[in-house]
Amino acid sequence: MRAPAFAPYASRGRKPIAAILVTFALCSTASIGLSIWQTARTQHSAEVLRVAERQQTLASEYVQQVMLVRAGQQSDPDVTATILRLSTDALLDGGAVPAVPGNDDEADLAPTGDPVVRAQLIQERRLVDDMTATGAAYIAGRPASSVPLTAGEHLAVRAPLTRLRVLSMLTADAALNTARTIVADSHKDVMNLIGMQAVLGAAGLLVSLTLALALVAATRRQTAHFRSIVDSSTDLVIVLGDGGCRHVSRSVTAMLGVSEVAVLGDGILRYLHPDDRALVRSAQTSGRAEEIVFQLVNQHGEWRTLEAHVTDLRNDRAIRGVVLNARDVTERVRLQDELVRQAYHDGLTGLANRSLFRDRLEQALARSARAGGTVAVLILDLDGFKQVNDSLGHDAGDRLLRVVADRLTETVRTTDTVARFGGDEFAVLLDQTDEALAVSVARRALARLAEPAVVAGRELEVAASIGIALYTGEAGGDELVRNADVAMYAAKDAGRGRHEVFRSEMARDPDELLGLDNELRYALARDELTVHYQPEISLSGGEIVGVEALVRWTSPTRGPVGPDVFIPVAEASGLIAALGDLVLREACGVTAGWLRDGVVGPDFVTWVNVSPKQLTMGGVQDAVGRALRSAGLPARNLGLEVTETAIMPGAAADRARVELQQLHDAGVRIAIDDFGTGFSSLAHLRHFSVDMIKVDRSFVQGVERDAKDTAITANVVALAHALGLVAVAEGIETEGQLAHMRTVGCDVGQGYLFSRPVPAAEVTAFLAAARDDAQAA
Amino acid sequence: MLACAGLLALAEWSGGGGSGPAVRVVRITERDFHIAAPRRIAPGRVRLEVKNDGPDLHELIVVRDPGGARLPLRTDGLTVNEDALVPEEVGSLEPGVPGSVRGLVLRLRPGRYEIFCNMAGHYMSGMHAVLLVG
């Protein structure tokens, strides 16, 4: 048993229509047949009637003819008698009716079926016989009483002529009454026919009506079925055809909050976004299968975005239109927009972020290169913002930043871009501008910012310093921003609430720049920073098992600057990321070179320090990945030294822990630096997989003097071994320290006793020599 | 004929008005060419039930005490002159088809009545009878 296939558009109406046609045909055929039959009958009846009436005349003529003969004149009553007798026979049993000479034609009759008429005709025949017998007796002069009467007459008269006349009268009367009965029958037949035709017509009409109603009901059901499918669908269905909108599903009217009538025809145009009219019209006229996106406004004035698939069903008789199967994607689009906005905007102020600013800047520079015009970048830094944060709290600081953002936005054209780079640093991109315009924007911005702002119930005066850099057709976007930054510091140095336009001398004259962070910034840009490497020696074998990469800075103005001095500055200014990148790139590149040259073994590890600040800022994983990839260095040859706090649980460190864990999973070695000086928990060491523990130099250097340090170093080494880790002693400077560390079983040593941190080239020489020694041995 | 219709109406009127129980039924049978009826009946309201046994159509005319052996004839000498019998005529039935039964309600006083069919030649052929009331 298979259920009938669902076919909503199948033509169910064919059967009823065929049945209607058949009924009409049958009824019409029956009706026409009846009419033809009745017409033939009526014609026959008319003929019978004519013959019956003729009998009346013939009976009278017979008497006259008898009288003529009796009077001795020429006449032929026998012919008349014969015609009378034959006519009666023909009327009764059918057959040819003889013609009256010179009067009418012969006729052919069918036998009579009506018993009443038959009885009358039989009586008429008897009367004709009685009359002609009497007539013959009268002519022959025989007495009338000698003639036997057969029709039941009781004639009291004896006079033969009178008898003959009475018989003639009876014959004529019988003929007349026969004719009357025939007419009455014929009338009855016609009435019957009319009745029958009426019944046939009514029956045909009734059947047709019933079938037509069934057809209408079936069509309605079919339509209702189609509608209910469409309406129950959550899809928004719009059918467009000639004359506009032909149908919308209930979901559409529900979404718009209007009745279907309001949307049909041209009504839909009222709800369609003007920009989308051409698109929808083109879909309607082409019917091309495609996805279109358009907007409809509902009764609350809210725009809904619809994504529709276009289907051409203009040739489908049930639809006759182009069908848009749409989904409401308003929320999705909103979410996408929001995500894009979040990715490119500053969450606090809603301004563009650094990424978007850079993007816009590149576009502006490309436009400028193509079409001319100058691009200007303004970097704005608030003066004394830190004090606001410190004295009024971060909430107040945030509110102040929002005020600044609003004021800056008001100051520039809508085509210009205002961004927040982080902290209290803002940037403005001016497209199609020149120096004078840029300066006037800076002035306006400073003036607007100088207006008092009420934040947290306090009236604050905001001052800012603005640096302006103009695109000269040489530098790229990054350099333009850097130049504006330099100009901004120049403005700050020159006194607060000022603006400066970047001049090339500014970058070349570091004396004008104050502050270690700025110097560091330029040091990074000018490659003043170098990386040195301190070997790590296996205490058991004496070979170099690794190196620790250490950054060194020799400032042109300050001379050598120690990491203990500039690392905190780098951390505070955010330069630590760039610094970290630099060291990672260098270290990976150098190590990859050693591996390639075969001066180190496959287990050689170069260790790079990662500061807690770097970890909390995030991006270490990416930076390491980039450095390894670009150098082509296997992950196992790189190690990261982190402090104990980096692996401690805590909101800020969680992301860092995850990043480190993932790096470790990828093969990168992890060491705990300065072990014992921080706040550590052994439990964390159990859960966080590291490869190496570095015993802090303060313990190592105290082993010869302090029994406690001796005990600590021994225990740390024992602990490392218990956890399956390598122990490294940092800062070994004397033979005594070395001897002690060997005694407690420390695996690796590092310190001035072996080597100071040296440039890569020296390490290379070392390593080559060590390799050659090993080969010689 | 008009008089005939008038008398018929009168007869029907008298029939419709007489709702008394004493309506006697008198059966009369007509055929070609004879009328069969009781010879004598009691006076008062009677209903003549006239059956036509055919084969021809037959009428029935009732006249009271026309006098003479024979009813007056028209000039053709063959049919009864009904116009001459208007005073005597008490009721009549138009020609009835073969097989029909028709009723004629009359109030008959004692006396001699004659009933006949006056269709062409029927009277002369013997369609008449005498009805004695009383």
# chains A, B, ... in the order shown; residues from 1 in each chain; ligands from 1
call {"tool": "closest_atom_pairs", "arguments": {"of": "chain A", "to": "chain B", "cutoff": "8 Å", "atoms": "only C-alpha atoms", "output": "JSON lines"}}
result
{"residue": "A:Val116", "atom": "CA", "partner": "B:Pro98", "partner_atom": "CA", "distance": 7.2}
{"residue": "A:Ala119", "atom": "CA", "partner": "B:Pro55", "partner_atom": "CA", "distance": 5.6}
{"residue": "A:Gln120", "atom": "CA", "partner": "B:Pro55", "partner_atom": "CA", "distance": 5.1}
{"residue": "A:Gln123", "atom": "CA", "partner": "B:Pro55", "partner_atom": "CA", "distance": 6.7}
{"residue": "A:Ala151", "atom": "CA", "partner": "B:Asp32", "partner_atom": "CA", "distance": 7.3}
{"residue": "A:Gly152", "atom": "CA", "partner": "B:Phe33", "partner_atom": "CA", "distance": 5.7}
{"residue": "A:Glu153", "atom": "CA", "partner": "B:Ser125", "partner_atom": "CA", "distance": 4.9}
{"residue": "A:His154", "atom": "CA", "partner": "B:Gly126", "partner_atom": "CA", "distance": 4.9}
{"residue": "A:Leu155", "atom": "CA", "partner": "B:Ser125", "partner_atom": "CA", "distance": 4.8}
{"residue": "A:Ala156", "atom": "CA", "partner": "B:Met124", "partner_atom": "CA", "distance": 7.1}
{"residue": "A:Val157", "atom": "CA", "partner": "B:Met124", "partner_atom": "CA", "distance": 7.8}
{"residue": "A:Thr162", "atom": "CA", "partner": "B:Leu78", "partner_atom": "CA", "distance": 7.9}
{"residue": "A:Val166", "atom": "CA", "partner": "B:Gly121", "partner_atom": "CA", "distance": 5.2}
{"residue": "A:Leu167", "atom": "CA", "partner": "B:Gly121", "partner_atom": "CA", "distance": 7.2}
{"residue": "A:Met169", "atom": "CA", "partner": "B:Gly121", "partner_atom": "CA", "distance": 5.6}
{"residue": "A:Leu170", "atom": "CA", "partner": "B:Gly121", "partner_atom": "CA", "distance": 5.3}
{"residue": "A:Asp173", "atom": "CA", "partner": "B:Ala120", "partner_atom": "CA", "distance": 6.0}
{"residue": "A:Ala174", "atom": "CA", "partner": "B:Asp56", "partner_atom": "CA", "distance": 6.4}
{"residue": "A:Asn177", "atom": "CA", "partner": "B:Leu57", "partner_atom": "CA", "distance": 6.8}
call {"tool": "residues_around", "arguments": {"residues": "Gln64 in chain A", "least_positions_apart": "2", "cutoff": "12 Å", "atoms": "only C-alpha atoms", "output": "PyMOL selection string"}}
result
chain A and resi 57-62+66-71+73-77+80+135+139+161+164-165+168
call {"tool": "residues_around", "arguments": {"residues": "Arg39 in chain B", "least_positions_apart": "5", "cutoff": "7 Å", "atoms": "only C-alpha atoms", "output": "list in words"}}
result
Val130, Leu131 and Leu132 of chain B
call {"tool": "residues_around", "arguments": {"residues": "range 721-723 of chain A", "least_positions_apart": "2", "cutoff": "12 Å", "atoms": "only C-alpha atoms", "output": "mmCIF file with N, CA and C atoms, in the first residue's frame"}}
result
data_model
loop_
_atom_site.group_PDB
_atom_site.id
_atom_site.type_symbol
_atom_site.label_atom_id
_atom_site.label_comp_id
_atom_site.auth_asym_id
_atom_site.auth_seq_id
_atom_site.Cartn_x
_atom_site.Cartn_y
_atom_site.Cartn_z
ATOM 1 N N LEU A 682 54.255 24.892 44.531
ATOM 2 C CA LEU A 682 54.714 23.667 43.873
ATOM 3 C C LEU A 682 53.580 22.992 43.108
ATOM 4 N N ALA A 683 52.363 23.168 43.641
ATOM 5 C CA ALA A 683 51.207 22.543 42.988
ATOM 6 C C ALA A 683 51.075 23.016 41.545
ATOM 7 N N HIS A 684 51.359 24.303 41.316
ATOM 8 C CA HIS A 684 51.241 24.836 39.955
ATOM 9 C C HIS A 684 52.277 24.225 39.045
ATOM 10 N N LEU A 685 53.436 23.966 39.607
ATOM 11 C CA LEU A 685 54.473 23.341 38.784
ATOM 12 C C LEU A 685 54.043 21.947 38.325
ATOM 13 N N ARG A 686 53.230 21.311 39.191
ATOM 14 C CA ARG A 686 52.778 19.979 38.824
ATOM 15 C C ARG A 686 51.792 20.021 37.670
ATOM 16 N N HIS A 687 50.988 21.052 37.708
ATOM 17 C CA HIS A 687 49.938 21.134 36.689
ATOM 18 C C HIS A 687 50.393 21.827 35.435
ATOM 19 N N PHE A 688 51.433 22.657 35.539
ATOM 20 C CA PHE A 688 51.862 23.390 34.369
ATOM 21 C C PHE A 688 53.191 22.808 33.901
ATOM 22 N N SER A 689 53.173 22.265 32.705
ATOM 23 C CA SER A 689 54.367 21.535 32.270
ATOM 24 C C SER A 689 55.454 22.480 31.789
ATOM 25 N N VAL A 690 56.609 22.454 32.469
ATOM 26 C CA VAL A 690 57.790 23.213 32.042
ATOM 27 C C VAL A 690 58.927 22.208 31.881
ATOM 28 N N ASP A 691 60.022 22.708 31.279
ATOM 29 C CA ASP A 691 61.144 21.805 31.015
ATOM 30 C C ASP A 691 62.320 22.043 31.964
ATOM 31 N N MET A 692 62.362 23.272 32.473
ATOM 32 C CA MET A 692 63.605 23.644 33.161
ATOM 33 C C MET A 692 63.321 24.646 34.270
ATOM 34 N N ILE A 693 64.095 24.525 35.343
ATOM 35 C CA ILE A 693 64.005 25.511 36.428
ATOM 36 C C ILE A 693 65.374 26.176 36.550
ATOM 37 N N ALA A 714 70.369 23.160 46.921
ATOM 38 C CA ALA A 714 70.304 21.693 46.883
ATOM 39 C C ALA A 714 68.865 21.229 46.753
ATOM 40 N N ASN A 715 67.990 21.875 47.510
ATOM 41 C CA ASN A 715 66.570 21.481 47.488
ATOM 42 C C ASN A 715 65.879 21.815 46.178
ATOM 43 N N VAL A 716 66.249 22.993 45.601
ATOM 44 C CA VAL A 716 65.627 23.368 44.324
ATOM 45 C C VAL A 716 66.021 22.379 43.251
ATOM 46 N N VAL A 717 67.323 22.018 43.272
ATOM 47 C CA VAL A 717 67.779 21.045 42.268
ATOM 48 C C VAL A 717 67.055 19.710 42.467
ATOM 49 N N ALA A 718 66.949 19.319 43.771
ATOM 50 C CA ALA A 718 66.264 18.055 44.062
ATOM 51 C C ALA A 718 64.796 18.116 43.611
ATOM 52 N N LEU A 719 64.207 19.259 43.869
ATOM 53 C CA LEU A 719 62.799 19.451 43.467
ATOM 54 C C LEU A 719 62.645 19.332 41.955
ATOM 55 N N LEU A 725 62.508 17.717 35.820
ATOM 56 C CA LEU A 725 62.924 18.913 35.091
ATOM 57 C C LEU A 725 64.436 19.060 35.139
ATOM 58 N N VAL A 726 64.923 19.870 34.223
ATOM 59 C CA VAL A 726 66.356 20.170 34.202
ATOM 60 C C VAL A 726 66.606 21.352 35.140
ATOM 61 N N ALA A 727 67.646 21.286 35.941
ATOM 62 C CA ALA A 727 67.982 22.401 36.835
ATOM 63 C C ALA A 727 69.173 23.176 36.257
ATOM 64 N N VAL A 728 69.059 24.468 36.266
ATOM 65 C CA VAL A 728 70.121 25.329 35.723
ATOM 66 C C VAL A 728 70.538 26.312 36.811
ATOM 67 N N VAL A 744 75.538 19.217 44.194
ATOM 68 C CA VAL A 744 74.096 19.009 44.420
ATOM 69 C C VAL A 744 73.411 18.411 43.191
ATOM 70 N N GLY A 745 74.194 18.188 42.131
ATOM 71 C CA GLY A 745 73.624 17.490 40.962
ATOM 72 C C GLY A 745 72.958 18.374 39.951
ATOM 73 N N CYS A 746 73.266 19.698 40.018
ATOM 74 C CA CYS A 746 72.661 20.620 39.053
ATOM 75 C C CYS A 746 73.117 20.236 37.647
ATOM 76 N N ASP A 747 72.224 20.305 36.690
ATOM 77 C CA ASP A 747 72.506 19.809 35.348
ATOM 78 C C ASP A 747 73.316 20.780 34.503
#
call {"tool": "select_by_dssp", "arguments": {"residues": "range 315-438 of chain A", "states": "alpha helix (DSSP H)", "output": "VMD selection string"}}
result
chain A and resid 330 to 344 354 to 371 385 to 392 394 to 411 435 to 438
call {"tool": "residues_around", "arguments": {"residues": "Arg227 in chain A", "least_positions_apart": "6", "cutoff": "10 Å", "atoms": "only C-alpha atoms", "output": "VMD selection string"}}
result
chain A and resid 221 233 247 to 250
call {"tool": "decode", "arguments": {"residues": "range 38-131 of chain B", "atoms": "C-alpha atoms", "output": "mmCIF file, in the first residue's frame"}}
result
data_model
loop_
_atom_site.group_PDB
_atom_site.id
_atom_site.type_symbol
_atom_site.label_atom_id
_atom_site.label_comp_id
_atom_site.auth_asym_id
_atom_site.auth_seq_id
_atom_site.Cartn_x
_atom_site.Cartn_y
_atom_site.Cartn_z
ATOM 1 C CA PRO B 38 -84.249 2.356 -13.960
ATOM 2 C CA ARG B 39 -87.822 2.674 -15.145
ATOM 3 C CA ARG B 40 -89.048 4.301 -11.909
ATOM 4 C CA ILE B 41 -87.406 6.187 -9.078
ATOM 5 C CA ALA B 42 -88.568 8.044 -5.925
ATOM 6 C CA PRO B 43 -88.830 11.823 -6.084
ATOM 7 C CA GLY B 44 -86.446 14.204 -4.360
ATOM 8 C CA ARG B 45 -82.754 14.769 -4.626
ATOM 9 C CA VAL B 46 -81.018 12.259 -6.820
ATOM 10 C CA ARG B 47 -77.588 11.911 -8.188
ATOM 11 C CA LEU B 48 -77.482 10.510 -11.690
ATOM 12 C CA GLU B 49 -74.245 8.576 -12.131
ATOM 13 C CA VAL B 50 -73.818 8.428 -15.891
ATOM 14 C CA LYS B 51 -71.372 5.896 -17.257
ATOM 15 C CA ASN B 52 -70.358 5.977 -20.913
ATOM 16 C CA ASP B 53 -69.610 2.473 -22.228
ATOM 17 C CA GLY B 54 -68.686 3.891 -25.693
ATOM 18 C CA PRO B 55 -67.385 3.439 -28.147
ATOM 19 C CA ASP B 56 -68.641 6.954 -29.137
ATOM 20 C CA LEU B 57 -68.941 10.071 -26.996
ATOM 21 C CA HIS B 58 -72.352 10.580 -25.385
ATOM 22 C CA GLU B 59 -74.191 13.388 -23.640
ATOM 23 C CA LEU B 60 -77.263 13.249 -21.388
ATOM 24 C CA ILE B 61 -80.213 15.657 -21.353
ATOM 25 C CA VAL B 62 -83.076 15.380 -18.840
ATOM 26 C CA VAL B 63 -86.490 16.886 -19.741
ATOM 27 C CA ARG B 64 -89.713 16.740 -17.635
ATOM 28 C CA ASP B 65 -93.029 15.723 -19.081
ATOM 29 C CA PRO B 66 -92.483 16.926 -22.624
ATOM 30 C CA GLY B 67 -95.830 15.597 -23.685
ATOM 31 C CA GLY B 68 -96.423 13.581 -26.833
ATOM 32 C CA ALA B 69 -94.860 10.343 -27.823
ATOM 33 C CA ARG B 70 -91.900 11.953 -29.487
ATOM 34 C CA LEU B 71 -89.705 14.910 -28.633
ATOM 35 C CA PRO B 72 -89.820 17.864 -31.039
ATOM 36 C CA LEU B 73 -87.185 17.635 -33.806
ATOM 37 C CA ARG B 74 -85.173 20.262 -35.604
ATOM 38 C CA THR B 75 -85.925 20.962 -39.222
ATOM 39 C CA ASP B 76 -83.437 18.237 -40.279
ATOM 40 C CA GLY B 77 -85.937 15.800 -38.796
ATOM 41 C CA LEU B 78 -83.126 13.834 -37.256
ATOM 42 C CA THR B 79 -82.071 15.656 -34.049
ATOM 43 C CA VAL B 80 -84.103 16.896 -31.040
ATOM 44 C CA ASN B 81 -84.851 20.619 -31.007
ATOM 45 C CA GLU B 82 -83.462 21.453 -27.568
ATOM 46 C CA ASP B 83 -84.405 25.105 -27.900
ATOM 47 C CA ALA B 84 -88.043 24.068 -27.929
ATOM 48 C CA LEU B 85 -87.532 22.085 -24.748
ATOM 49 C CA VAL B 86 -85.932 24.816 -22.608
ATOM 50 C CA PRO B 87 -88.904 25.012 -20.174
ATOM 51 C CA GLU B 88 -88.898 21.282 -19.727
ATOM 52 C CA GLU B 89 -85.195 20.691 -19.435
ATOM 53 C CA VAL B 90 -84.086 20.074 -15.817
ATOM 54 C CA GLY B 91 -80.468 19.165 -16.405
ATOM 55 C CA SER B 92 -77.823 17.962 -18.856
ATOM 56 C CA LEU B 93 -74.307 16.583 -19.148
ATOM 57 C CA GLU B 94 -71.922 17.584 -21.954
ATOM 58 C CA PRO B 95 -70.485 14.783 -24.144
ATOM 59 C CA GLY B 96 -68.350 12.376 -22.095
ATOM 60 C CA VAL B 97 -65.536 10.267 -23.413
ATOM 61 C CA PRO B 98 -65.827 6.474 -23.497
ATOM 62 C CA GLY B 99 -65.174 4.934 -20.114
ATOM 63 C CA SER B 100 -66.043 8.069 -18.124
ATOM 64 C CA VAL B 101 -68.492 8.235 -15.214
ATOM 65 C CA ARG B 102 -70.113 11.606 -14.484
ATOM 66 C CA GLY B 103 -72.564 12.776 -11.890
ATOM 67 C CA LEU B 104 -75.608 15.012 -12.244
ATOM 68 C CA VAL B 105 -77.467 16.044 -9.079
ATOM 69 C CA LEU B 106 -81.144 16.945 -9.585
ATOM 70 C CA ARG B 107 -84.240 17.541 -7.435
ATOM 71 C CA LEU B 108 -86.878 15.608 -9.190
ATOM 72 C CA ARG B 109 -90.557 16.135 -8.552
ATOM 73 C CA PRO B 110 -92.918 13.313 -9.253
ATOM 74 C CA GLY B 111 -93.746 12.986 -12.925
ATOM 75 C CA ARG B 112 -92.656 11.593 -16.230
ATOM 76 C CA TYR B 113 -89.154 12.478 -17.383
ATOM 77 C CA GLU B 114 -87.344 11.641 -20.588
ATOM 78 C CA ILE B 115 -83.541 11.269 -20.823
ATOM 79 C CA PHE B 116 -81.684 11.237 -24.156
ATOM 80 C CA CYS B 117 -78.428 11.809 -26.006
ATOM 81 C CA ASN B 118 -78.699 14.395 -28.726
ATOM 82 C CA MET B 119 -75.377 13.883 -30.481
ATOM 83 C CA ALA B 120 -75.775 13.650 -34.281
ATOM 84 C CA GLY B 121 -78.139 10.760 -35.047
ATOM 85 C CA HIS B 122 -77.936 9.208 -31.533
ATOM 86 C CA TYR B 123 -81.549 10.062 -30.533
ATOM 87 C CA MET B 124 -82.901 8.613 -33.746
ATOM 88 C CA SER B 125 -80.681 5.521 -33.280
ATOM 89 C CA GLY B 126 -82.406 4.752 -29.994
ATOM 90 C CA MET B 127 -80.555 6.693 -27.292
ATOM 91 C CA HIS B 128 -83.542 7.790 -25.212
ATOM 92 C CA ALA B 129 -85.418 6.423 -22.179
ATOM 93 C CA VAL B 130 -88.363 7.328 -19.967
ATOM 94 C CA LEU B 131 -87.819 7.901 -16.212
#
